[in-house]
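Colleague: So I've got this file, query-v3.cif, and it contains mmCIF, C-alpha atoms; chains and numbers go by the auth columns:
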data_target
loop_
_atom_site.group_PDB
_atom_site.id
_atom_site.type_symbol
_atom_site.label_atom_id
_atom_site.label_comp_id
_atom_site.label_asym_id
_atom_site.label_seq_id
_atom_site.Cartn_x
_atom_site.Cartn_y
_atom_site.Cartn_z
_atom_site.B_iso_or_equiv
_atom_site.auth_seq_id
_atom_site.auth_asym_id
ATOM 1 C CA MET A 1 -4.604 -17.720 -30.023 0.00 1 A
ATOM 2 C CA GLU A 2 -1.441 -15.736 -30.706 0.00 2 A
ATOM 3 C CA LEU A 3 -3.543 -12.681 -31.554 0.00 3 A
ATOM 4 C CA LEU A 4 -4.615 -12.470 -27.907 0.00 4 A
ATOM 5 C CA ASN A 5 -1.005 -11.788 -26.945 0.00 5 A
ATOM 6 C CA ASN A 6 -1.295 -8.406 -28.693 0.00 6 A
ATOM 7 C CA PHE A 7 -4.007 -7.251 -26.300 0.00 7 A
ATOM 8 C CA LYS A 8 -3.034 -5.511 -23.089 0.00 8 A
ATOM 9 C CA GLN A 9 -4.948 -5.652 -19.840 0.00 9 A
ATOM 10 C CA ILE A 10 -6.988 -2.517 -19.188 0.00 10 A
ATOM 11 C CA VAL A 11 -5.847 -0.666 -16.085 0.00 11 A
ATOM 12 C CA ILE A 12 -8.697 1.131 -14.345 0.00 12 A
ATOM 13 C CA GLU A 13 -7.553 4.308 -12.646 0.00 13 A
ATOM 14 C CA THR A 14 -8.379 4.819 -8.987 0.00 14 A
ATOM 15 C CA PRO A 15 -9.582 8.200 -7.661 0.00 15 A
ATOM 16 C CA VAL A 16 -6.101 8.689 -6.183 0.00 16 A
ATOM 17 C CA ASP A 17 -4.473 8.108 -9.594 0.00 17 A
ATOM 18 C CA LYS A 18 -6.869 10.572 -11.204 0.00 18 A
ATOM 19 C CA ILE A 19 -6.028 13.230 -8.609 0.00 19 A
ATOM 20 C CA ILE A 20 -2.302 12.665 -9.165 0.00 20 A
ATOM 21 C CA ASN A 21 -2.847 12.915 -12.947 0.00 21 A
ATOM 22 C CA GLN A 22 -4.657 16.225 -12.554 0.00 22 A
ATOM 23 C CA ILE A 23 -1.816 17.614 -10.442 0.00 23 A
ATOM 24 C CA LYS A 24 0.624 16.370 -13.087 0.00 24 A
ATOM 25 C CA GLU A 25 -1.297 18.185 -15.838 0.00 25 A
ATOM 26 C CA LEU A 26 -1.306 21.411 -13.818 0.00 26 A
ATOM 27 C CA ILE A 27 2.457 21.134 -13.318 0.00 27 A
ATOM 28 C CA THR A 28 3.326 20.260 -16.920 0.00 28 A
ATOM 29 C CA SER A 29 1.062 23.024 -18.252 0.00 29 A
ATOM 30 C CA GLY A 30 2.766 25.572 -16.017 0.00 30 A
ATOM 31 C CA GLN A 31 -0.354 26.355 -13.991 0.00 31 A
ATOM 32 C CA LEU A 32 1.415 24.939 -10.940 0.00 32 A
ATOM 33 C CA MET A 33 5.052 25.947 -10.520 0.00 33 A
ATOM 34 C CA PRO A 34 7.693 24.901 -7.973 0.00 34 A
ATOM 35 C CA GLY A 35 6.926 26.798 -4.783 0.00 35 A
ATOM 36 C CA ASP A 36 3.221 27.278 -5.573 0.00 36 A
ATOM 37 C CA LYS A 37 0.762 26.401 -2.825 0.00 37 A
ATOM 38 C CA LEU A 38 -2.074 23.895 -3.319 0.00 38 A
ATOM 39 C CA PRO A 39 -5.628 24.867 -2.276 0.00 39 A
ATOM 40 C CA PRO A 40 -6.739 23.695 1.202 0.00 40 A
ATOM 41 C CA GLU A 41 -7.736 20.038 1.477 0.00 41 A
ATOM 42 C CA ARG A 42 -11.430 20.850 1.981 0.00 42 A
ATOM 43 C CA LYS A 43 -11.591 22.980 -1.165 0.00 43 A
ATOM 44 C CA LEU A 44 -9.749 20.315 -3.180 0.00 44 A
ATOM 45 C CA CYS A 45 -12.352 17.737 -2.083 0.00 45 A
ATOM 46 C CA GLU A 46 -15.171 20.013 -3.216 0.00 46 A
ATOM 47 C CA ALA A 47 -13.533 20.822 -6.554 0.00 47 A
ATOM 48 C CA LEU A 48 -12.692 17.179 -7.317 0.00 48 A
ATOM 49 C CA GLY A 49 -15.929 15.727 -5.971 0.00 49 A
ATOM 50 C CA VAL A 50 -14.145 13.060 -3.930 0.00 50 A
ATOM 51 C CA GLY A 51 -13.767 12.169 -0.276 0.00 51 A
ATOM 52 C CA ARG A 52 -11.034 13.575 1.929 0.00 52 A
ATOM 53 C CA SER A 53 -9.288 10.196 2.203 0.00 53 A
ATOM 54 C CA HIS A 54 -8.621 10.133 -1.570 0.00 54 A
ATOM 55 C CA VAL A 55 -7.127 13.632 -1.512 0.00 55 A
ATOM 56 C CA ARG A 56 -4.994 12.779 1.516 0.00 56 A
ATOM 57 C CA ASP A 57 -3.714 9.552 -0.077 0.00 57 A
ATOM 58 C CA ALA A 58 -2.765 11.378 -3.293 0.00 58 A
ATOM 59 C CA ILE A 59 -0.946 14.128 -1.401 0.00 59 A
ATOM 60 C CA LYS A 60 0.761 11.561 0.815 0.00 60 A
ATOM 61 C CA LYS A 61 2.108 9.689 -2.216 0.00 61 A
ATOM 62 C CA LEU A 62 3.294 12.873 -3.886 0.00 62 A
ATOM 63 C CA GLU A 63 4.965 13.990 -0.657 0.00 63 A
ATOM 64 C CA PHE A 64 6.748 10.662 -0.322 0.00 64 A
ATOM 65 C CA TYR A 65 8.215 11.011 -3.814 0.00 65 A
ATOM 66 C CA GLY A 66 9.295 14.574 -3.100 0.00 66 A
ATOM 67 C CA ILE A 67 6.862 16.149 -5.566 0.00 67 A
ATOM 68 C CA LEU A 68 4.914 18.000 -2.884 0.00 68 A
ATOM 69 C CA LYS A 69 5.942 19.082 0.582 0.00 69 A
ATOM 70 C CA THR A 70 3.912 20.317 3.519 0.00 70 A
ATOM 71 C CA LEU A 71 5.372 23.298 5.364 0.00 71 A
ATOM 72 C CA PRO A 72 4.340 24.229 8.921 0.00 72 A
ATOM 73 C CA GLN A 73 1.720 27.002 8.866 0.00 73 A
ATOM 74 C CA SER A 74 2.108 27.316 5.087 0.00 74 A
ATOM 75 C CA GLY A 75 0.240 24.331 3.695 0.00 75 A
ATOM 76 C CA THR A 76 1.198 21.989 0.848 0.00 76 A
ATOM 77 C CA VAL A 77 3.444 23.366 -1.909 0.00 77 A
ATOM 78 C CA VAL A 78 5.025 22.033 -5.105 0.00 78 A
ATOM 79 C CA ALA A 79 8.632 21.005 -4.461 0.00 79 A
ATOM 80 C CA GLY A 80 11.415 23.152 -5.833 0.00 80 A
ATOM 81 C CA LEU A 81 12.473 20.650 -8.470 0.00 81 A
ATOM 82 C CA GLY A 82 12.808 21.268 -12.187 0.00 82 A
ATOM 83 C CA MET A 83 9.715 20.717 -14.312 0.00 83 A
ATOM 84 C CA THR A 84 11.220 17.732 -16.146 0.00 84 A
ATOM 85 C CA ALA A 85 12.118 16.032 -12.879 0.00 85 A
ATOM 86 C CA LEU A 86 8.633 16.633 -11.488 0.00 86 A
ATOM 87 C CA GLU A 87 6.935 15.218 -14.572 0.00 87 A
ATOM 88 C CA GLY A 88 9.172 12.149 -14.567 0.00 88 A
ATOM 89 C CA LEU A 89 8.555 11.501 -10.878 0.00 89 A
ATOM 90 C CA ILE A 90 4.777 11.665 -11.239 0.00 90 A
ATOM 91 C CA THR A 91 4.897 9.266 -14.176 0.00 91 A
ATOM 92 C CA ASP A 92 6.800 6.798 -11.976 0.00 92 A
ATOM 93 C CA VAL A 93 4.205 7.139 -9.198 0.00 93 A
ATOM 94 C CA LEU A 94 1.418 6.173 -11.598 0.00 94 A
ATOM 95 C CA ARG A 95 3.197 3.305 -13.369 0.00 95 A
ATOM 96 C CA LEU A 96 2.499 -0.020 -11.648 0.00 96 A
ATOM 97 C CA GLU A 97 3.289 -3.141 -13.653 0.00 97 A
ATOM 98 C CA VAL A 98 3.508 -6.774 -12.609 0.00 98 A
ATOM 99 C CA LYS A 99 7.223 -6.566 -11.893 0.00 99 A
ATOM 100 C CA ASP A 100 6.596 -3.435 -9.813 0.00 100 A
ATOM 101 C CA PHE A 101 3.888 -5.222 -7.844 0.00 101 A
ATOM 102 C CA ARG A 102 6.352 -7.973 -6.966 0.00 102 A
ATOM 103 C CA SER A 103 8.935 -5.382 -5.939 0.00 103 A
ATOM 104 C CA LEU A 104 6.362 -3.679 -3.722 0.00 104 A
ATOM 105 C CA VAL A 105 5.507 -6.997 -2.084 0.00 105 A
ATOM 106 C CA GLU A 106 9.181 -7.819 -1.501 0.00 106 A
ATOM 107 C CA THR A 107 9.663 -4.397 0.068 0.00 107 A
ATOM 108 C CA ARG A 108 6.602 -4.923 2.239 0.00 108 A
ATOM 109 C CA VAL A 109 8.025 -8.218 3.535 0.00 109 A
ATOM 110 C CA ILE A 110 11.273 -6.455 4.489 0.00 110 A
ATOM 111 C CA LEU A 111 9.429 -3.599 6.202 0.00 111 A
ATOM 112 C CA GLU A 112 6.815 -5.669 8.013 0.00 112 A
ATOM 113 C CA THR A 113 9.089 -8.403 9.341 0.00 113 A
ATOM 114 C CA ASN A 114 11.301 -5.699 10.819 0.00 114 A
ATOM 115 C CA ALA A 115 8.252 -3.820 12.106 0.00 115 A
ATOM 116 C CA ALA A 116 7.050 -6.956 13.901 0.00 116 A
ATOM 117 C CA ALA A 117 10.493 -7.515 15.430 0.00 117 A
ATOM 118 C CA LEU A 118 10.738 -3.902 16.616 0.00 118 A
ATOM 119 C CA ALA A 119 7.160 -3.998 17.916 0.00 119 A
ATOM 120 C CA ALA A 120 7.974 -7.084 20.005 0.00 120 A
ATOM 121 C CA GLN A 121 10.969 -5.194 21.372 0.00 121 A
ATOM 122 C CA ASN A 122 9.453 -1.735 21.913 0.00 122 A
ATOM 123 C CA ARG A 123 5.668 -2.110 22.317 0.00 123 A
ATOM 124 C CA THR A 124 3.836 -0.548 25.225 0.00 124 A
ATOM 125 C CA GLU A 125 0.544 -1.598 26.802 0.00 125 A
ATOM 126 C CA GLU A 126 -1.118 1.208 24.851 0.00 126 A
ATOM 127 C CA ASP A 127 0.330 -0.192 21.622 0.00 127 A
ATOM 128 C CA LEU A 128 -1.020 -3.646 22.439 0.00 128 A
ATOM 129 C CA ALA A 129 -4.472 -2.194 23.033 0.00 129 A
ATOM 130 C CA GLY A 130 -4.344 -0.507 19.619 0.00 130 A
ATOM 131 C CA ILE A 131 -3.266 -3.695 17.844 0.00 131 A
ATOM 132 C CA GLU A 132 -5.940 -5.731 19.657 0.00 132 A
ATOM 133 C CA ALA A 133 -8.647 -3.210 18.729 0.00 133 A
ATOM 134 C CA ALA A 134 -7.602 -3.348 15.068 0.00 134 A
ATOM 135 C CA LEU A 135 -7.610 -7.152 15.156 0.00 135 A
ATOM 136 C CA LEU A 136 -11.077 -7.219 16.723 0.00 136 A
ATOM 137 C CA ALA A 137 -12.433 -4.881 14.028 0.00 137 A
ATOM 138 C CA TYR A 138 -10.905 -7.143 11.360 0.00 138 A
ATOM 139 C CA LYS A 139 -12.356 -10.240 13.036 0.00 139 A
ATOM 140 C CA ASN A 140 -15.857 -8.726 13.233 0.00 140 A
ATOM 141 C CA LYS A 141 -15.841 -7.754 9.549 0.00 141 A
ATOM 142 C CA LYS A 142 -14.706 -11.215 8.524 0.00 142 A
ATOM 143 C CA ALA A 143 -17.344 -12.859 10.725 0.00 143 A
ATOM 144 C CA ALA A 144 -19.971 -10.801 8.904 0.00 144 A
ATOM 145 C CA SER A 145 -18.426 -11.753 5.516 0.00 145 A
ATOM 146 C CA VAL A 146 -17.658 -8.097 4.841 0.00 146 A
ATOM 147 C CA TYR A 147 -14.673 -6.797 2.845 0.00 147 A
ATOM 148 C CA ALA A 148 -12.078 -5.949 5.533 0.00 148 A
ATOM 149 C CA VAL A 149 -9.128 -4.447 3.671 0.00 149 A
ATOM 150 C CA ASP A 150 -9.174 -1.260 5.789 0.00 150 A
ATOM 151 C CA GLU A 151 -9.152 -3.239 9.025 0.00 151 A
ATOM 152 C CA ASP A 152 -6.359 -5.456 7.670 0.00 152 A
ATOM 153 C CA LEU A 153 -4.303 -2.384 6.839 0.00 153 A
ATOM 154 C CA MET A 154 -4.961 -0.841 10.265 0.00 154 A
ATOM 155 C CA PHE A 155 -3.725 -3.994 12.035 0.00 155 A
ATOM 156 C CA HIS A 156 -0.432 -3.831 10.190 0.00 156 A
ATOM 157 C CA LEU A 157 -0.071 -0.068 10.670 0.00 157 A
ATOM 158 C CA LYS A 158 -0.648 -0.427 14.419 0.00 158 A
ATOM 159 C CA ILE A 159 2.227 -2.905 14.517 0.00 159 A
ATOM 160 C CA ALA A 160 4.399 -0.428 12.610 0.00 160 A
ATOM 161 C CA GLU A 161 3.364 2.248 15.101 0.00 161 A
ATOM 162 C CA ALA A 162 4.412 -0.025 17.957 0.00 162 A
ATOM 163 C CA SER A 163 7.843 -0.408 16.352 0.00 163 A
ATOM 164 C CA LYS A 164 8.565 3.222 17.312 0.00 164 A
ATOM 165 C CA ASN A 165 10.165 3.779 13.899 0.00 165 A
ATOM 166 C CA SER A 166 8.262 6.608 12.218 0.00 166 A
ATOM 167 C CA VAL A 167 10.121 6.288 8.907 0.00 167 A
ATOM 168 C CA LEU A 168 9.218 2.603 8.637 0.00 168 A
ATOM 169 C CA LYS A 169 5.565 3.422 9.276 0.00 169 A
ATOM 170 C CA SER A 170 5.622 6.191 6.626 0.00 170 A
ATOM 171 C CA LEU A 171 7.064 3.794 4.040 0.00 171 A
ATOM 172 C CA MET A 172 4.337 1.275 4.809 0.00 172 A
ATOM 173 C CA LEU A 173 1.656 3.947 4.440 0.00 173 A
ATOM 174 C CA VAL A 174 2.856 4.543 0.890 0.00 174 A
ATOM 175 C CA ILE A 175 3.112 0.971 -0.410 0.00 175 A
ATOM 176 C CA THR A 176 0.736 -1.210 1.627 0.00 176 A
ATOM 177 C CA PRO A 177 -2.659 0.218 0.531 0.00 177 A
ATOM 178 C CA ASP A 178 -1.856 -0.372 -3.161 0.00 178 A
ATOM 179 C CA ILE A 179 -0.695 -3.907 -2.439 0.00 179 A
ATOM 180 C CA LEU A 180 -3.809 -4.818 -0.438 0.00 180 A
ATOM 181 C CA THR A 181 -6.125 -3.287 -3.027 0.00 181 A
ATOM 182 C CA ASN A 182 -4.484 -5.090 -5.964 0.00 182 A
ATOM 183 C CA TYR A 183 -4.295 -8.332 -4.009 0.00 183 A
ATOM 184 C CA ASN A 184 -8.020 -8.333 -3.253 0.00 184 A
ATOM 185 C CA GLU A 185 -9.106 -7.049 -6.676 0.00 185 A
ATOM 186 C CA LEU A 186 -7.151 -9.850 -8.348 0.00 186 A
ATOM 187 C CA ASP A 187 -9.084 -12.320 -6.184 0.00 187 A
ATOM 188 C CA ALA A 188 -5.958 -13.794 -4.628 0.00 188 A
ATOM 189 C CA CYS A 189 -7.727 -15.003 -1.487 0.00 189 A
ATOM 190 C CA GLY A 190 -8.875 -18.560 -1.982 0.00 190 A
ATOM 191 C CA ASP A 191 -11.278 -20.616 0.139 0.00 191 A
ATOM 192 C CA GLY A 192 -10.272 -20.636 3.781 0.00 192 A
ATOM 193 C CA ARG A 193 -7.783 -17.799 3.360 0.00 193 A
ATOM 194 C CA SER A 194 -9.805 -15.461 5.607 0.00 194 A
ATOM 195 C CA VAL A 195 -9.712 -18.000 8.427 0.00 195 A
ATOM 196 C CA SER A 196 -5.994 -18.658 8.121 0.00 196 A
ATOM 197 C CA ALA A 197 -5.209 -14.932 7.846 0.00 197 A
ATOM 198 C CA LEU A 198 -7.066 -14.280 11.096 0.00 198 A
ATOM 199 C CA GLU A 199 -5.161 -17.060 12.843 0.00 199 A
ATOM 200 C CA GLU A 200 -1.893 -15.640 11.520 0.00 200 A
ATOM 201 C CA HIS A 201 -2.813 -12.179 12.821 0.00 201 A
ATOM 202 C CA GLU A 202 -3.520 -13.665 16.242 0.00 202 A
ATOM 203 C CA LEU A 203 -0.164 -15.482 16.272 0.00 203 A
ATOM 204 C CA ILE A 204 1.718 -12.303 15.353 0.00 204 A
ATOM 205 C CA LEU A 205 -0.012 -10.438 18.175 0.00 205 A
ATOM 206 C CA PHE A 206 0.771 -13.274 20.611 0.00 206 A
ATOM 207 C CA HIS A 207 4.504 -13.053 19.920 0.00 207 A
ATOM 208 C CA ILE A 208 4.490 -9.254 20.149 0.00 208 A
ATOM 209 C CA LYS A 209 2.747 -9.530 23.524 0.00 209 A
ATOM 210 C CA GLU A 210 5.357 -12.031 24.680 0.00 210 A
ATOM 211 C CA LYS A 211 8.177 -9.766 23.455 0.00 211 A
ATOM 212 C CA ASN A 212 9.364 -12.698 21.338 0.00 212 A
ATOM 213 C CA ILE A 213 11.324 -10.927 18.604 0.00 213 A
ATOM 214 C CA GLU A 214 12.201 -14.033 16.592 0.00 214 A
ATOM 215 C CA GLY A 215 8.700 -15.456 16.921 0.00 215 A
ATOM 216 C CA ALA A 216 7.079 -12.202 15.760 0.00 216 A
ATOM 217 C CA THR A 217 9.458 -11.994 12.796 0.00 217 A
ATOM 218 C CA GLN A 218 8.802 -15.565 11.677 0.00 218 A
ATOM 219 C CA ALA A 219 5.031 -15.255 12.178 0.00 219 A
ATOM 220 C CA MET A 220 4.919 -12.111 10.050 0.00 220 A
ATOM 221 C CA ARG A 221 7.062 -13.694 7.345 0.00 221 A
ATOM 222 C CA ALA A 222 4.780 -16.734 7.255 0.00 222 A
ATOM 223 C CA HIS A 223 1.736 -14.444 7.094 0.00 223 A
ATOM 224 C CA LEU A 224 3.151 -12.598 4.074 0.00 224 A
ATOM 225 C CA SER A 225 4.351 -15.732 2.260 0.00 225 A
ATOM 226 C CA ASP A 226 0.957 -16.100 0.572 0.00 226 A
ATOM 227 C CA ILE A 227 1.023 -12.691 -1.094 0.00 227 A
ATOM 228 C CA LEU A 228 4.714 -13.156 -1.998 0.00 228 A
ATOM 229 C CA ASP A 229 3.902 -16.467 -3.711 0.00 229 A
ATOM 230 C CA PHE A 230 1.034 -14.745 -5.512 0.00 230 A
ATOM 231 C CA SER A 231 3.325 -11.985 -6.818 0.00 231 A
ATOM 232 C CA ASN A 232 5.749 -14.633 -8.094 0.00 232 A
ATOM 233 C CA THR A 233 2.875 -16.352 -9.905 0.00 233 A
ATOM 234 C CA LEU A 234 1.915 -13.068 -11.567 0.00 234 A
ATOM 235 C CA GLN A 235 5.453 -12.578 -12.768 0.00 235 A
ATOM 236 C CA VAL A 236 5.591 -16.058 -14.307 0.00 236 A
ATOM 237 C CA GLU A 237 2.241 -15.531 -16.053 0.00 237 A
ATOM 238 C CA ASP A 238 3.381 -12.170 -17.393 0.00 238 A
ATOM 239 C CA PHE A 239 6.589 -13.758 -18.714 0.00 239 A
ATOM 240 C CA ASN A 240 4.614 -16.549 -20.401 0.00 240 A
ATOM 241 C CA ARG A 241 2.227 -14.064 -22.077 0.00 241 A
ATOM 242 C CA SER A 242 5.116 -11.952 -23.372 0.00 242 A
ATOM 243 C CA ASN A 243 6.680 -15.066 -24.892 0.00 243 A
ATOM 244 C CA GLY A 244 3.452 -16.337 -26.400 0.00 244 A
ATOM 245 C CA LYS A 245 3.237 -19.356 -24.110 0.00 245 A
ATOM 246 C CA LYS A 246 -0.009 -20.924 -23.012 0.00 246 A
ATOM 247 C CA ARG A 247 -0.994 -20.546 -19.372 0.00 247 A
#
Any chance you could put this one into structure tokens?
Modeller:
Amino acid sequence: MELLNNFKQIVIETPVDKIINQIKELITSGQLMPGDKLPPERKLCEALGVGRSHVRDAIKKLEFYGILKTLPQSGTVVAGLGMTALEGLITDVLRLEVKDFRSLVETRVILETNAAALAAQNRTEEDLAGIEAALLAYKNKKAASVYAVDEDLMFHLKIAEASKNSVLKSLMLVITPDILTNYNELDACGDGRSVSALEEHELILFHIKEKNIEGATQAMRAHLSDILDFSNTLQVEDFNRSNGKKR
């Protein structure tokens, strides 16, 4: 029915989004001004009634976009930008549409293929131990049929850590959690995907161990092809809905 095209999908806010929205309201109302210091992390957790990880993720995102900055021995403060710029930036942080999801995935492919290549080139024995531990934790969760998004993320972050490029790792920390969360919530993993993902993880680690730069790059690209295809599918479906076409 054409009437259905007038309905929009409901976006459920995450705790991180709600924290960012509250900070936005404090800034736009003038209660938080450029240069003002945020309360300590522990007190924010108590006031908001959320875990420390949610507060940290919200602050991390706002720091990445230049809205907040953490100063040594001073804590986290509001950046010295104009109020209009701050409000506009926060709105951008919270706005995630289908086309943005695809852009995030494309960026992740660029970051992670390069991270794998650099990890194969620069990894140490300590790095390998960290990647192997993350892979084992992922494998154990999957064997128990338990949701393993955190372990999946840790595997990829350990590879980024092994790349010895701190900026690359910081960029991944900003975009990858949202991608993994949306990917799993949209039920993108079909039958057998968990098994193939584990095998792909093992192949990536093998090439990094062997210091095979090209092999690590190709294995990571192949691993991410599934989520890239999924983002392309979303974009096509969104285009069809906007043009009143049947799925």
Colleague: Could you build a table of the residues in region 154-175 of chain A lying no more than 12 Å from region 54-68 of chain A, giving for each the nearest pair of atoms and their separation in Å rounded to one decimal place, using all atoms listed in the file, ordered by chain and ascending residue number, as a Markdown table?
Modeller:
| residue | atom | partner | partner_atom | distance |
| --- | --- | --- | --- | --- |
| A:Val167 | CA | A:Phe64 | CA | 10.8 |
| A:Ser170 | CA | A:Phe64 | CA | 8.3 |
| A:Leu171 | CA | A:Phe64 | CA | 8.1 |
| A:Met172 | CA | A:Phe64 | CA | 11.0 |
| A:Leu173 | CA | A:Lys60 | CA | 8.5 |
| A:Val174 | CA | A:Lys61 | CA | 6.1 |
| A:Ile175 | CA | A:Lys61 | CA | 9.0 |
Colleague: Give the answer as one residue: which of A:Leu157, A:Val78, A:Ile204, A:Leu128 has the shortest atom-to-atom distance to Leu26 (chain A), using only C-alpha atoms?
Modeller: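 Ranking A:Leu157, A:Val78, A:Ile204, A:Leu128 by distance to Leu26 (chain A), first place goes to A:Val78.
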Colleague: Counting all atoms listed in the file, which of A:His207, A:Ser103, A:Thr124, A:Lys139 gets nearest to Thr176 (chain A)?
Modeller: A:Ser103
Colleague: Using all atoms listed in the file, can you tell me which of A:His201, A:Lys209, A:Arg102, A:Lys169 comes closest to Arg221 (chain A)?
Modeller: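 Answer, going by the shortest atom-to-atom distance: A:His201.
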Colleague: One decimal, Å: what's the distance from CA of Asn232 (chain A) over to CA of Glu202 (chain A), could you say?
Modeller: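 These atoms are spaced 26.1 Å apart.
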Colleague: Given all atoms listed in the file as the basis, pick out the residue of A:Ile27, A:Ala117, A:Ala47, A:Leu198 nearest to Glu210 (chain A).
Modeller: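 Smallest separation from Glu210 (chain A) among the options: A:Ala117.
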Colleague: Pick the closest to Ser166 (chain A) from A:Ile208, A:Leu111, A:Ile213, A:Leu153: which is it, counting all atoms listed in the file?
Modeller: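 Result for the nearest residue to Ser166 (chain A): A:Leu111.
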Colleague: Give me, please, the distance in Å between CA of Tyr138 (chain A) and CA of Glu161 (chain A), quoted to one decimal.
Modeller: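 One can read the CA of Tyr138 (chain A) to CA of Glu161 (chain A) distance as 17.5 Å.
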Colleague: Need the shell around Thr113 (chain A): protein/DNA/RNA residues with any atom at most 12 Å away, counting all atoms listed in the file. Skip same-chain ones fewer than 5 positions apart. Format as a CSV table (one decimal) with C-alpha atoms, in the coordinates of the input?
Modeller:
chain,number,residue,atom,x,y,z
A,106,GLU,CA,9.2,-7.8,-1.5
A,107,THR,CA,9.7,-4.4,0.1
A,108,ARG,CA,6.6,-4.9,2.2
A,118,LEU,CA,10.7,-3.9,16.6
A,119,ALA,CA,7.2,-4.0,17.9
A,120,ALA,CA,8.0,-7.1,20.0
A,156,HIS,CA,-0.4,-3.8,10.2
A,159,ILE,CA,2.2,-2.9,14.5
A,160,ALA,CA,4.4,-0.4,12.6
A,163,SER,CA,7.8,-0.4,16.4
A,168,LEU,CA,9.2,2.6,8.6
A,172,MET,CA,4.3,1.3,4.8
A,204,ILE,CA,1.7,-12.3,15.4
A,208,ILE,CA,4.5,-9.3,20.1
A,213,ILE,CA,11.3,-10.9,18.6
A,214,GLU,CA,12.2,-14.0,16.6
A,215,GLY,CA,8.7,-15.5,16.9
A,216,ALA,CA,7.1,-12.2,15.8
A,217,THR,CA,9.5,-12.0,12.8
A,218,GLN,CA,8.8,-15.6,11.7
A,219,ALA,CA,5.0,-15.3,12.2
A,220,MET,CA,4.9,-12.1,10.0
A,221,ARG,CA,7.1,-13.7,7.3
A,222,ALA,CA,4.8,-16.7,7.3
A,223,HIS,CA,1.7,-14.4,7.1
A,224,LEU,CA,3.2,-12.6,4.1
A,225,SER,CA,4.4,-15.7,2.3
Colleague: In Å, with one decimal, what is the gap from CA of Asn140 (chain A) to CA of Leu205 (chain A)?
Modeller: 16.7 Å
Colleague: May I have the residues within 6 Å of Phe155 (chain A) as a list in words, using only C-alpha atoms and disregarding those fewer than 4 positions away in the same chain?
Modeller: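 Everything that qualifies: Ile131, Ala134 and Leu135 of chain A.
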Colleague: Rank A:Asn122, A:Glu151, A:Arg42, A:Glu112 by their smallest atom-to-atom distance to Leu136 (chain A), using all atoms listed in the file, and report the top residue only.
Modeller: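 Under the stated criterion, the closest residue is A:Glu151.
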